[in-house]
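Chemist: The file below is start_32.cif, mmCIF, C-alpha atoms and all ligand atoms:
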```
data_input
#
loop_
_atom_site.label_atom_id
_atom_site.label_comp_id
_atom_site.auth_asym_id
_atom_site.auth_seq_id
_atom_site.Cartn_x
_atom_site.Cartn_y
_atom_site.Cartn_z
CA MET A 1 111.54 65.67 113.36
CA ARG A 2 111.77 69.26 114.53
CA TYR A 3 114.76 69.93 112.32
CA VAL A 4 113.20 68.34 109.26
CA ASN A 5 110.10 70.49 109.63
CA ARG A 6 112.00 73.67 110.27
CA ARG A 7 114.45 73.11 107.44
CA GLN A 8 111.62 72.40 105.04
CA VAL A 9 109.97 75.67 105.96
CA LEU A 10 113.10 77.76 105.97
CA GLY A 11 114.26 76.14 102.77
CA SER A 12 111.01 77.12 101.15
CA LEU A 13 111.52 80.67 102.37
CA ALA A 14 115.09 80.98 101.25
CA ALA A 15 114.91 80.58 97.49
CA GLY A 16 112.36 80.47 94.74
CA ALA A 17 113.50 77.11 93.46
CA THR A 18 113.00 75.56 96.86
CA VAL A 19 109.64 77.26 97.18
CA ALA A 20 108.63 75.57 93.95
CA ALA A 21 109.90 72.22 95.22
CA SER A 22 108.00 72.65 98.46
CA ALA A 23 104.81 73.53 96.58
CA LEU A 24 105.19 70.56 94.28
CA ALA A 25 105.76 68.30 97.26
CA GLN A 26 102.29 69.34 98.39
CA GLY A 27 100.77 68.41 95.05
CA LYS A 28 100.35 72.00 93.86
CA SER A 29 100.69 73.00 90.19
CA ALA A 30 104.03 73.18 88.43
CA SER A 31 103.66 76.90 87.70
CA LYS A 32 105.52 77.78 90.86
CA ALA A 33 108.91 78.74 89.50
CA LEU A 34 109.25 82.46 89.91
CA PRO A 35 108.05 84.68 87.03
CA ILE A 36 111.41 85.89 85.72
CA PRO A 37 110.90 88.53 83.00
CA PRO A 38 112.47 88.04 79.59
CA ALA A 39 116.06 89.30 79.48
CA SER A 40 116.93 92.61 77.86
CA THR A 41 113.46 94.11 78.15
CA THR A 42 113.02 97.57 79.66
CA PRO A 43 110.30 98.11 82.28
CA VAL A 44 108.34 100.24 79.82
CA GLU A 45 108.48 97.54 77.13
CA LEU A 46 107.64 94.82 79.62
CA ALA A 47 104.64 96.81 80.87
CA ARG A 48 102.93 96.04 77.52
CA ASP A 49 104.02 92.40 77.28
CA GLU A 50 100.67 90.74 77.95
CA SER A 51 102.05 87.20 77.74
CA TYR A 52 104.43 87.95 80.62
CA TRP A 53 101.73 89.52 82.78
CA ARG A 54 99.37 86.63 82.06
CA GLU A 55 102.12 84.37 83.37
CA VAL A 56 102.39 86.55 86.50
CA ALA A 57 98.59 86.54 86.96
CA ALA A 58 98.60 82.72 87.01
CA TYR A 59 100.42 82.89 90.34
CA TYR A 60 97.39 84.44 92.04
CA ASP A 61 93.92 83.25 93.01
CA ARG A 62 91.38 85.77 91.75
CA THR A 63 88.45 87.41 93.52
CA GLN A 64 85.34 85.49 92.52
CA GLY A 65 82.12 87.12 91.34
CA ILE A 66 83.38 90.60 90.47
CA VAL A 67 86.23 92.45 88.80
CA ASN A 68 88.25 93.61 91.79
CA LEU A 69 89.91 96.98 91.24
CA GLU A 70 90.46 97.65 94.95
CA HIS A 71 93.92 96.37 95.85
CA GLY A 72 94.97 99.31 97.99
CA TYR A 73 93.63 97.67 101.15
CA TRP A 74 96.12 94.86 101.12
CA GLY A 75 97.94 93.08 98.30
CA LYS A 76 97.54 89.43 97.68
CA MET A 77 100.00 86.64 98.28
CA ALA A 78 101.23 84.95 95.12
CA HIS A 79 101.05 81.13 95.36
CA PRO A 80 104.70 80.60 96.39
CA VAL A 81 104.27 83.12 99.20
CA GLN A 82 100.99 81.58 100.29
CA ASP A 83 102.63 78.14 100.28
CA ALA A 84 105.53 79.41 102.40
CA TYR A 85 103.06 81.02 104.79
CA VAL A 86 100.92 77.90 105.09
CA ASP A 87 104.03 75.74 105.62
CA ALA A 88 105.28 78.15 108.27
CA THR A 89 101.87 78.25 109.96
CA ARG A 90 101.84 74.45 110.16
CA MET A 91 105.38 74.30 111.49
CA VAL A 92 104.86 77.03 114.09
CA ASN A 93 101.62 75.46 115.21
CA ALA A 94 103.20 72.02 115.52
CA GLN A 95 106.42 73.14 117.15
CA ASN A 96 104.81 75.79 119.32
CA SER A 97 107.01 77.25 122.08
CA PHE A 98 109.82 74.80 121.33
CA TYR A 99 110.27 76.69 118.08
CA GLY A 100 109.20 80.13 119.33
CA ARG A 101 111.54 80.18 122.32
CA LYS A 102 114.55 78.61 120.67
CA ASP A 103 114.66 79.26 116.94
CA TYR A 104 112.37 82.14 116.05
CA ASP A 105 114.78 84.98 116.82
CA PRO A 106 117.39 84.05 114.20
CA ASP A 107 114.63 83.48 111.66
CA ALA A 108 113.13 86.90 112.40
CA ALA A 109 116.62 88.40 112.16
CA MET A 110 116.93 86.86 108.70
CA ALA A 111 113.65 88.51 107.70
CA VAL A 112 114.95 91.86 109.00
CA ARG A 113 118.10 91.36 106.94
CA ARG A 114 116.04 90.78 103.80
CA ILE A 115 113.89 93.87 104.39
CA ALA A 116 116.97 95.98 105.06
CA GLU A 117 118.68 94.73 101.89
CA ALA A 118 115.58 95.38 99.81
CA LEU A 119 115.20 98.90 101.17
CA GLY A 120 118.92 99.68 100.99
CA ALA A 121 119.07 100.16 104.76
CA ALA A 122 121.29 98.73 107.48
CA GLU A 123 119.85 95.88 109.55
CA GLU A 124 120.03 97.96 112.69
CA GLU A 125 117.79 100.56 111.01
CA ILE A 126 114.85 98.19 110.50
CA VAL A 127 112.33 96.89 113.02
CA ILE A 128 109.49 94.57 112.03
CA THR A 129 106.02 95.75 113.03
CA ARG A 130 102.52 94.39 112.50
CA ASN A 131 101.60 97.07 109.98
CA ALA A 132 102.47 100.60 108.92
CA THR A 133 100.11 101.99 111.54
CA GLU A 134 102.12 100.48 114.37
CA ALA A 135 105.32 101.99 112.92
CA VAL A 136 103.93 105.48 112.32
CA HIS A 137 101.84 105.65 115.50
CA ASN A 138 104.87 104.74 117.59
CA LEU A 139 106.86 107.49 115.88
CA ILE A 140 104.15 110.09 116.51
CA ARG A 141 103.43 108.98 120.06
CA GLN A 142 107.07 108.54 121.08
CA TYR A 143 108.40 111.71 119.44
CA ARG A 144 109.93 113.46 122.41
CA ASP A 145 111.09 116.83 121.04
CA LEU A 146 107.75 118.61 121.30
CA ARG A 147 107.03 121.55 123.61
CA PRO A 148 103.63 123.21 124.14
CA GLY A 149 103.03 125.64 121.28
CA ASP A 150 105.31 123.81 118.81
CA GLY A 151 103.65 123.32 115.44
CA VAL A 152 102.86 119.95 113.90
CA LEU A 153 101.78 119.66 110.27
CA TYR A 154 99.77 117.22 108.19
CA ALA A 155 97.93 117.38 104.84
CA ASP A 156 94.49 116.35 103.61
CA VAL A 157 96.11 113.67 101.44
CA ASP A 158 97.52 111.91 104.52
CA TYR A 159 96.11 108.66 105.92
CA PRO A 160 93.05 109.36 108.10
CA GLY A 161 94.34 107.41 111.11
CA PHE A 162 97.59 109.37 111.04
CA LYS A 163 95.87 112.74 110.74
CA THR A 164 93.96 111.98 113.93
CA ALA A 165 97.18 110.85 115.63
CA MET A 166 98.77 114.19 114.69
CA GLN A 167 95.67 116.00 116.01
CA TRP A 168 96.05 114.06 119.25
CA LEU A 169 99.39 115.80 119.79
CA GLU A 170 97.37 118.92 120.63
CA SER A 171 95.46 117.41 123.56
CA SER A 172 98.33 115.23 124.73
CA ARG A 173 101.30 117.57 124.26
CA GLY A 174 99.92 121.06 123.71
CA ALA A 175 101.11 121.16 120.09
CA LYS A 176 99.60 123.60 117.63
CA VAL A 177 98.16 121.55 114.78
CA ILE A 178 98.33 122.90 111.24
CA SER A 179 96.74 121.13 108.29
CA ILE A 180 97.15 121.93 104.62
CA GLU A 181 95.07 121.12 101.58
CA LEU A 182 96.67 120.07 98.34
CA PRO A 183 94.92 120.78 95.02
CA SER A 184 92.95 117.82 93.66
CA ARG A 185 95.38 117.72 90.70
CA ALA A 186 98.98 118.78 91.26
CA ASP A 187 102.46 118.31 89.84
CA GLN A 188 105.72 117.96 91.76
CA ALA A 189 106.58 121.66 91.57
CA GLN A 190 103.14 122.74 92.82
CA ILE A 191 103.20 120.33 95.76
CA LEU A 192 106.68 121.46 96.75
CA GLU A 193 105.74 125.12 96.39
CA LEU A 194 102.69 124.66 98.61
CA TYR A 195 104.72 122.95 101.32
CA MET A 196 107.35 125.70 101.13
CA GLN A 197 104.67 128.37 101.62
CA VAL A 198 103.39 126.57 104.70
CA LEU A 199 106.89 126.14 106.11
CA ASP A 200 107.57 129.86 105.53
CA ALA A 201 104.29 130.86 107.16
CA ASN A 202 104.82 128.66 110.23
CA PRO A 203 108.29 129.21 111.69
CA HIS A 204 107.28 127.42 114.91
CA LEU A 205 106.81 124.07 113.08
CA LYS A 206 108.62 121.22 114.80
CA LEU A 207 107.24 118.02 113.31
CA MET A 208 105.58 117.11 110.05
CA LEU A 209 103.96 114.03 108.58
CA ILE A 210 104.58 113.46 104.89
CA THR A 211 102.82 110.72 102.96
CA HIS A 212 104.91 109.34 100.14
CA ILE A 213 101.91 108.07 98.17
CA SER A 214 98.43 109.14 99.20
CA ASN A 215 95.86 106.45 99.82
CA GLN A 216 93.23 108.83 98.47
CA HIS A 217 94.30 109.12 94.83
CA GLY A 218 97.84 107.78 94.48
CA LEU A 219 99.49 111.21 94.49
CA VAL A 220 103.28 110.91 94.84
CA VAL A 221 104.58 113.61 97.17
CA PRO A 222 108.17 114.85 96.60
CA VAL A 223 109.30 113.70 100.04
CA ALA A 224 113.04 114.22 99.55
CA GLU A 225 112.72 117.83 98.39
CA ILE A 226 110.28 118.76 101.16
CA ALA A 227 112.33 116.93 103.79
CA LYS A 228 115.50 118.73 102.69
CA GLU A 229 113.86 122.09 103.33
CA ALA A 230 112.36 120.85 106.58
CA ARG A 231 115.75 119.67 107.81
CA ARG A 232 117.29 123.07 106.96
CA ARG A 233 114.66 124.67 109.20
CA GLY A 234 115.05 122.18 112.06
CA ILE A 235 111.70 120.48 111.40
CA ASP A 236 111.53 116.71 111.92
CA VAL A 237 109.74 114.52 109.39
CA ILE A 238 107.82 111.28 109.81
CA CYS A 239 107.23 109.64 106.44
CA ASP A 240 104.32 107.32 105.71
CA SER A 241 105.36 104.91 102.96
CA ALA A 242 102.59 102.39 103.59
CA GLN A 243 101.25 102.71 100.09
CA SER A 244 104.51 103.26 98.20
CA TRP A 245 106.99 100.45 98.71
CA GLY A 246 106.43 98.00 95.86
CA LEU A 247 103.95 100.28 94.10
CA ILE A 248 106.91 102.36 93.02
CA ASP A 249 110.55 101.37 93.05
CA TYR A 250 113.02 103.14 95.33
CA LYS A 251 115.47 102.75 98.20
CA VAL A 252 114.68 104.31 101.54
CA GLY A 253 117.76 106.56 101.46
CA GLU A 254 116.25 108.39 98.46
CA LEU A 255 113.52 109.75 100.71
CA GLY A 256 116.08 111.71 102.75
CA VAL A 257 114.18 111.30 106.01
CA ASP A 258 115.06 109.82 109.39
CA TRP A 259 111.89 107.85 110.08
CA VAL A 260 109.61 105.88 107.79
CA GLY A 261 106.67 103.53 108.34
CA PHE A 262 106.14 100.72 105.82
CA ASN A 263 104.08 97.65 105.42
CA LEU A 264 104.79 94.59 103.31
CA HIS A 265 101.21 93.38 103.06
CA LYS A 266 100.21 95.89 100.41
CA TRP A 267 102.63 96.05 97.50
CA ILE A 268 105.31 93.56 98.58
CA GLY A 269 102.70 90.80 98.80
CA SER A 270 103.51 89.34 102.22
CA PRO A 271 100.83 87.79 104.42
CA VAL A 272 98.66 90.35 106.20
CA GLY A 273 100.24 91.51 109.45
CA VAL A 274 103.72 92.59 108.40
CA GLY A 275 105.06 96.13 108.60
CA ALA A 276 108.44 97.75 109.11
CA LEU A 277 109.81 100.77 110.87
CA TYR A 278 112.89 102.47 109.46
CA MET A 279 114.94 104.64 111.80
CA ARG A 280 118.06 106.11 110.26
CA ARG A 281 121.25 105.37 112.17
CA GLY A 282 121.90 108.21 114.64
CA SER A 283 118.27 109.39 114.70
CA LEU A 284 117.01 107.53 117.74
CA GLN A 285 117.46 110.20 120.38
CA LYS A 286 114.28 112.07 119.40
CA ILE A 287 112.03 109.01 119.49
CA ALA A 288 111.56 107.59 122.97
CA PRO A 289 111.62 103.83 123.49
CA TYR A 290 108.24 102.14 123.71
CA PRO A 291 106.80 102.76 127.20
CA GLY A 292 108.73 100.58 129.63
CA GLU A 293 111.61 99.82 127.27
CA SER A 294 115.05 101.28 127.87
CA ASP A 295 117.78 102.42 125.48
CA PRO A 296 120.02 104.87 127.35
CA GLU A 297 122.54 105.13 124.51
CA HIS A 298 119.94 105.59 121.75
CA ILE A 299 121.30 102.77 119.61
CA ASP A 300 118.63 100.09 119.65
CA ALA A 301 115.77 100.78 117.22
CA ALA A 302 114.06 97.55 118.30
CA THR A 303 113.19 99.19 121.63
CA ARG A 304 110.84 101.59 119.78
CA VAL A 305 108.37 98.76 119.12
CA HIS A 306 106.91 96.09 121.36
CA MET A 307 105.35 93.33 119.27
CA ALA A 308 104.97 90.71 122.01
CA THR A 309 103.35 87.50 120.75
CA SER A 310 102.43 88.01 117.13
CA ASN A 311 102.11 86.16 113.84
CA PHE A 312 105.38 84.20 113.63
CA ALA A 313 104.42 82.55 110.33
CA ALA A 314 103.75 85.90 108.64
CA VAL A 315 107.27 87.02 109.54
CA LEU A 316 108.70 83.71 108.31
CA ALA A 317 107.06 84.29 104.92
CA ILE A 318 108.75 87.69 104.40
CA PRO A 319 111.70 86.26 102.40
CA ALA A 320 109.33 84.42 100.07
CA ALA A 321 107.36 87.63 99.48
CA LEU A 322 110.54 89.54 98.71
CA ASP A 323 111.74 86.72 96.43
CA PHE A 324 108.55 86.96 94.42
CA HIS A 325 108.56 90.76 94.30
CA GLN A 326 112.21 90.83 93.26
CA ALA A 327 111.72 88.13 90.63
CA ILE A 328 109.27 90.42 88.80
CA GLY A 329 111.48 93.41 89.64
CA GLY A 330 110.39 96.58 91.42
CA ALA A 331 110.85 98.80 88.35
CA ASN A 332 108.89 96.37 86.16
CA LYS A 333 106.04 96.22 88.63
CA GLU A 334 105.91 100.01 88.92
CA ALA A 335 105.85 100.40 85.13
CA ARG A 336 103.06 97.83 84.70
CA LEU A 337 100.90 99.40 87.41
CA ARG A 338 101.41 102.87 85.93
CA TYR A 339 100.52 101.47 82.51
CA LEU A 340 97.27 99.96 83.83
CA ARG A 341 96.39 103.28 85.50
CA ARG A 342 97.07 105.26 82.34
CA LEU A 343 94.76 102.95 80.39
CA TRP A 344 91.80 104.40 82.28
CA THR A 345 92.99 107.86 83.33
CA ASN A 346 93.98 108.81 79.76
CA GLU A 347 90.43 107.96 78.64
CA ALA A 348 88.70 109.48 81.66
CA GLU A 349 90.55 112.76 81.29
CA GLY A 350 88.77 113.26 77.97
CA MET A 351 85.28 112.74 79.46
CA ALA A 352 83.40 115.93 80.31
CA HIS A 353 81.39 114.27 83.11
CA ILE A 354 84.45 112.90 85.00
CA ASP A 355 87.02 114.60 87.22
CA VAL A 356 90.21 112.58 87.56
CA LEU A 357 92.14 113.29 90.77
CA GLY A 358 95.81 112.97 91.68
CA GLY A 359 98.98 113.81 89.80
CA SER A 360 98.99 116.20 86.89
CA ASP A 361 102.40 114.97 85.75
CA GLU A 362 103.44 111.32 85.58
CA GLU A 363 106.05 111.80 88.33
CA SER A 364 103.28 112.79 90.74
CA TRP A 365 101.20 109.78 89.93
CA SER A 366 101.44 106.06 90.61
CA GLY A 367 99.40 102.96 89.77
CA ILE A 368 96.58 104.24 91.98
CA GLY A 369 94.11 106.86 90.77
CA SER A 370 90.73 108.27 91.79
CA PHE A 371 87.84 110.05 90.16
CA ARG A 372 84.43 111.51 90.79
CA LEU A 373 81.53 112.60 88.62
CA ARG A 374 81.92 116.29 87.86
CA GLY A 375 79.99 118.40 90.37
CA LYS A 376 79.33 115.38 92.62
CA ALA A 377 81.88 115.70 95.39
CA SER A 378 79.90 114.74 98.50
CA ILE A 379 80.65 111.51 100.35
CA ASP A 380 77.12 110.32 99.50
CA ASP A 381 77.83 110.97 95.82
CA ALA A 382 80.98 108.88 96.07
CA HIS A 383 79.07 106.05 97.80
CA ASN A 384 76.43 106.12 95.07
CA LEU A 385 79.10 106.00 92.40
CA GLN A 386 80.83 103.05 94.07
CA GLN A 387 77.51 101.22 94.26
CA VAL A 388 76.68 101.86 90.60
CA LEU A 389 80.10 100.54 89.57
CA GLU A 390 79.59 97.46 91.73
CA LYS A 391 75.94 96.68 91.05
CA ASP A 392 75.53 97.83 87.45
CA PHE A 393 78.98 97.17 86.04
CA GLY A 394 80.46 94.39 88.19
CA LEU A 395 83.49 96.48 89.23
CA PHE A 396 84.63 96.55 92.84
CA THR A 397 86.17 99.85 93.97
CA VAL A 398 86.31 101.84 97.20
CA VAL A 399 85.18 105.28 98.40
CA ARG A 400 87.83 107.64 99.78
CA LYS A 401 86.68 110.45 102.03
CA GLY A 402 89.79 112.30 103.13
CA LEU A 403 90.44 114.90 100.44
CA ALA A 404 89.54 118.51 101.11
CA SER A 405 87.96 118.60 97.64
CA GLY A 406 85.44 115.89 98.60
CA GLY A 407 84.68 112.21 98.21
CA CYS A 408 85.93 110.08 95.35
CA VAL A 409 86.21 106.50 94.16
CA ARG A 410 89.65 104.92 94.10
CA ILE A 411 90.80 102.54 91.38
CA THR A 412 93.68 100.28 92.37
CA PRO A 413 94.67 97.59 89.88
CA GLN A 414 97.17 94.89 90.82
CA VAL A 415 99.75 93.15 88.65
CA PHE A 416 97.25 90.38 87.87
CA ASN A 417 94.55 92.74 86.54
CA SER A 418 94.34 92.74 82.75
CA PRO A 419 93.90 95.57 80.25
CA GLY A 420 90.56 93.92 79.43
CA GLU A 421 89.39 94.51 83.00
CA ILE A 422 90.51 98.13 82.82
CA GLY A 423 88.61 98.31 79.53
CA GLN A 424 85.46 97.29 81.43
CA LEU A 425 86.03 100.26 83.72
CA VAL A 426 86.48 102.60 80.76
CA ASP A 427 83.22 101.34 79.24
CA ALA A 428 81.48 101.97 82.55
CA LEU A 429 82.94 105.48 82.78
CA HIS A 430 81.54 106.31 79.35
CA LYS A 431 78.09 105.19 80.46
CA LEU A 432 77.99 106.94 83.82
CA LYS A 433 75.58 109.86 83.88
CA THR A 434 75.83 112.87 86.17
C1 LIG B 501 98.84 105.86 102.97
C2 LIG B 501 98.55 104.82 104.02
N1 LIG B 501 99.13 104.95 105.21
C3 LIG B 501 98.94 104.03 106.18
C4 LIG B 501 98.13 102.94 106.00
C5 LIG B 501 97.95 101.95 107.10
O1 LIG B 501 98.65 100.80 106.74
P1 LIG B 501 98.51 99.50 107.64
O2 LIG B 501 97.15 98.95 107.37
O3 LIG B 501 99.62 98.61 107.20
O4 LIG B 501 98.65 99.94 109.04
C6 LIG B 501 97.47 102.79 104.78
C7 LIG B 501 96.55 101.65 104.58
O5 LIG B 501 95.69 101.66 103.74
C8 LIG B 501 97.70 103.74 103.76
O6 LIG B 501 97.11 103.62 102.56
#
```
Hey, can you dump this file as structure tokens for me?

Modeler:
Amino acid sequence: MRYVNRRQVLGSLAAGATVAASALAQGKSASKALPIPPASTTPVELARDESYWREVAAYYDRTQGIVNLEHGYWGKMAHPVQDAYVDATRMVNAQNSFYGRKDYDPDAAMAVRRIAEALGAAEEEIVITRNATEAVHNLIRQYRDLRPGDGVLYADVDYPGFKTAMQWLESSRGAKVISIELPSRADQAQILELYMQVLDANPHLKLMLITHISNQHGLVVPVAEIAKEARRRGIDVICDSAQSWGLIDYKVGELGVDWVGFNLHKWIGSPVGVGALYMRRGSLQKIAPYPGESDPEHIDAATRVHMATSNFAAVLAIPAALDFHQAIGGANKEARLRYLRRLWTNEAEGMAHIDVLGGSDEESWSGIGSFRLRGKASIDDAHNLQQVLEKDFGLFTVVRKGLASGGCVRITPQVFNSPGEIGQLVDALHKLKT
């Protein structure tokens, strides 16, 4: 019995076709084959192919009662992923420790292998975590190359919980904390230039946090270029890619950094509770093992995290999430999400009462964008705006408070949002009064 259950679950995780079979076996709809795009279409062409994206949308249950344009919190499992997760939950619950103690490790290793392949990393460079926070916090906390007076750098566009962790390095390690403010609209050259000025002005910098895509307004930071300069000056970089993997399409090597925190529950569409830590081969010496762990030869990245008992089923569903993501294709997903963002930002940029925030060239922008009413930059203003959108226009969005320029409302469509829903936002923007 044990083997039948486990094979069923693992089979459903291994390949889309089997996922579909497993779903059908449970009486679910036949629409479970993976949404393979039409052949010979470019991502830009596919981005406008509404029949394909309607097919993709059919794989998701929708938020009831409102148009949800807030998918930056976590993504949503497509049906095949949800089925794999539910199957795995049942199996783990039934088999309990007999599974956990005997068979979980190879299954988790398979999930690591899939993440590594998808990111273009080696298996030994990837450790599964519960979220991006666990990955990045461990890097910040366990960074061992810091002496009192060394500088540590973060920016206003960084994730609030990571800014405070960087600030904590002052009280815990005597670091000198430096923070920079990026303009509310910026292109790649301007962002790079600003970082270069700060690096020039602070020769004692030792460690910096760089966010690949800001959770505030979707700004894409030129990580590789900044990291190259940082490396030349002996500054270590921790990269936060929580919001980028799956929102845009890339391999981890392109970032040119040693350490990156990811999650899979935003744009890869895994169950909630899955993250990943990337540590480039040969980079372990500067990050201490998790308290109490030991790695005298600095070769075992897994010692940098201590997950203990955690959500086995979420990890077992990782291959199904990657299958679904890869069936659509990372480049296709990025192009569609950018297209949906442009549908509203192109309109909003022409409205005198709206300030659009984020990239000022397409390279610096992603599928996420933010805005505020012109001259209304307080956090209260942003809350009021969010409420008006929700109560008067039936659009769910979220307030972001971290930018130096003030509060804003973030708009985060997912692959299942339609141009019609974005059109509702554009109508609302026209009607908003300052
Ligand atoms: C830029 C950024 N970094 C880090 C995080 C934290 O991710 P997680 O919830 O997986 O810890 C988020 C979550 O919203 C984020 O947007």

Chemist: Please identify the residues whose atoms come within 9 Å of ligand LIG 501 (chain B), using all atoms listed in the file, and report them as an NGL selection string.

Modeler: :A and (72-74 or 130-136 or 157-162 or 211-216 or 218 or 240-244 or 261-266 or 272-275)

Chemist: Got a sec: who's within 10 Å of Ile226 of chain A, counting all atoms listed in the file, leaving out chain neighbours fewer than 3 positions off, as a PDB file with C-alpha atoms, in the frame of the given file?

Modeler:
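Below is the file out_8.pdb, written as the result:
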```
ATOM      1  CA  ILE A 191     103.200 120.330  95.760  1.00  0.00           C
ATOM      2  CA  LEU A 192     106.680 121.460  96.750  1.00  0.00           C
ATOM      3  CA  GLU A 193     105.740 125.120  96.390  1.00  0.00           C
ATOM      4  CA  LEU A 194     102.690 124.660  98.610  1.00  0.00           C
ATOM      5  CA  TYR A 195     104.720 122.950 101.320  1.00  0.00           C
ATOM      6  CA  MET A 196     107.350 125.700 101.130  1.00  0.00           C
ATOM      7  CA  LEU A 199     106.890 126.140 106.110  1.00  0.00           C
ATOM      8  CA  ILE A 210     104.580 113.460 104.890  1.00  0.00           C
ATOM      9  CA  VAL A 221     104.580 113.610  97.170  1.00  0.00           C
ATOM     10  CA  PRO A 222     108.170 114.850  96.600  1.00  0.00           C
ATOM     11  CA  VAL A 223     109.300 113.700 100.040  1.00  0.00           C
ATOM     12  CA  GLU A 229     113.860 122.090 103.330  1.00  0.00           C
ATOM     13  CA  ALA A 230     112.360 120.850 106.580  1.00  0.00           C
ATOM     14  CA  ARG A 231     115.750 119.670 107.810  1.00  0.00           C
ATOM     15  CA  VAL A 237     109.740 114.520 109.390  1.00  0.00           C
ATOM     16  CA  LEU A 255     113.520 109.750 100.710  1.00  0.00           C
ATOM     17  CA  GLY A 256     116.080 111.710 102.750  1.00  0.00           C
ATOM     18  CA  VAL A 257     114.180 111.300 106.010  1.00  0.00           C
TER      19      VAL A 257
END
```

Chemist: Just give me the residues with any atom within 10 Å of (94.0, 99.0, 79.0), file coordinates, counting all atoms listed in the file, written as a ChimeraX atom specification.

Modeler: /A:48,339-347,417-426

Chemist: Just give me the gap between atom CA of Ile66 of chain A and atom CA of Gly330 of chain A in Å, one decimal is fine.

Modeler: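 Value for the atom CA of Ile66 of chain A-atom CA of Gly330 of chain A distance: 27.7 Å.
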
Chemist: So, with only C-alpha atoms as the atoms that count, which of A:Glu55, A:Asp236, A:Glu349, A:Glu334 lies closest to Tyr143 of chain A?

Modeler: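 Selected residue with least distance to Tyr143 of chain A: A:Asp236.
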
Chemist: For the contact check between segment 264-359 of chain A and segment 91-114 of chain A, emit one row per residue of segment 264-359 of chain A within 9 Å, containing the shortest atom pair and the distance in Å rounded to one decimal, counting all atoms listed in the file, chain then rising number order, as CSV.

Modeler:
```
residue,atom,partner,partner_atom,distance
A:Ala276,CA,A:Val112,CA,8.8
A:Phe312,CA,A:Val92,CA,7.2
A:Ala313,CA,A:Val92,CA,6.7
A:Val315,CA,A:Ala108,CA,6.5
A:Leu316,CA,A:Asp107,CA,6.8
A:Ala317,CA,A:Ala111,CA,8.3
A:Ile318,CA,A:Ala111,CA,6.0
A:Pro319,CA,A:Ala111,CA,6.1
A:Leu322,CA,A:Arg114,CA,7.6
```

Chemist: Nearest residue to Arg54 of chain A out of A:Ile128, A:Ile287, A:Val415, A:Ala175, using all atoms listed in the file?

Modeler: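 Once distances to Arg54 of chain A are computed over all atoms listed in the file, the minimum belongs to A:Val415.
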
Chemist: Report as JSON the centre and the edge lengths, in Å to one decimal, of the axis-aligned box holding every listed atom of segment 288-299 of chain A, padded by 5 Å on each side.

Modeler:
```
{"center_x": 114.7, "center_y": 103.7, "center_z": 124.6, "size_x": 25.7, "size_y": 17.8, "size_z": 20.0}
```

Chemist: In file coordinates, which residues lie within 10 Å of (115.6, 100.0, 112.7) using only C-alpha atoms, given as a compact mmCIF listing (two decimals) with C-alpha atoms, in the coordinates of the input?

Modeler:
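And here's selection-v5.txt as it stands now:
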```txt
# COMPACT_ATOMS: atom_id res chain seq x y z
CA VAL A 112 114.95 91.86 109.00
CA ALA A 116 116.97 95.98 105.06
CA ALA A 121 119.07 100.16 104.76
CA ALA A 122 121.29 98.73 107.48
CA GLU A 123 119.85 95.88 109.55
CA GLU A 124 120.03 97.96 112.69
CA GLU A 125 117.79 100.56 111.01
CA ILE A 126 114.85 98.19 110.50
CA VAL A 127 112.33 96.89 113.02
CA ILE A 128 109.49 94.57 112.03
CA TRP A 259 111.89 107.85 110.08
CA VAL A 260 109.61 105.88 107.79
CA ALA A 276 108.44 97.75 109.11
CA LEU A 277 109.81 100.77 110.87
CA TYR A 278 112.89 102.47 109.46
CA MET A 279 114.94 104.64 111.80
CA ARG A 280 118.06 106.11 110.26
CA ARG A 281 121.25 105.37 112.17
CA SER A 283 118.27 109.39 114.70
CA LEU A 284 117.01 107.53 117.74
CA ILE A 299 121.30 102.77 119.61
CA ASP A 300 118.63 100.09 119.65
CA ALA A 301 115.77 100.78 117.22
CA ALA A 302 114.06 97.55 118.30
CA THR A 303 113.19 99.19 121.63
CA ARG A 304 110.84 101.59 119.78
CA VAL A 305 108.37 98.76 119.12
```

Chemist: So which one's closest to Ser370 of chain A, A:Lys163, A:Arg185, A:Lys76, A:Lys333? Using only C-alpha atoms, please.

Modeler: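 Under the stated criterion, the closest residue is A:Arg185.
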
Chemist: Residues at most 7 Å from Cys408 of chain A, counting all atoms listed in the file, excluding those fewer than 3 positions away in the same chain, as a VMD selection string?

Modeler: chain A and resid 370 to 372 377 382 399 to 401

Chemist: Between atom CA of Ser179 of chain A and atom CA of Val356 of chain A, measure the distance and give it in Å to one decimal.

Modeler: 23.4 Å

Chemist: Please identify all polymer residues within 9 Å of segment 389-393 of chain A, counting all atoms listed in the file, omitting same-chain residues fewer than 4 positions from it, and present them as a list in words.

Modeler: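 That gives Ile66, Val67, Asn384, Leu385, Thr397, Gln424, Leu425, Ala428, Leu429 and Leu432 of chain A.
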
Chemist: Write out as a PyMOL selection string the residues lying within 7 Å of Leu119 of chain A, counting all atoms listed in the file and excluding same-chain residues fewer than 4 positions away.

Modeler: chain A and resi 115+251-252

Chemist: Atom CA of Gly329 of chain A and atom CA of Glu254 of chain A are how many Å apart?

Modeler: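 Calculated distance between atom CA of Gly329 of chain A and atom CA of Glu254 of chain A is 18.0 Å.
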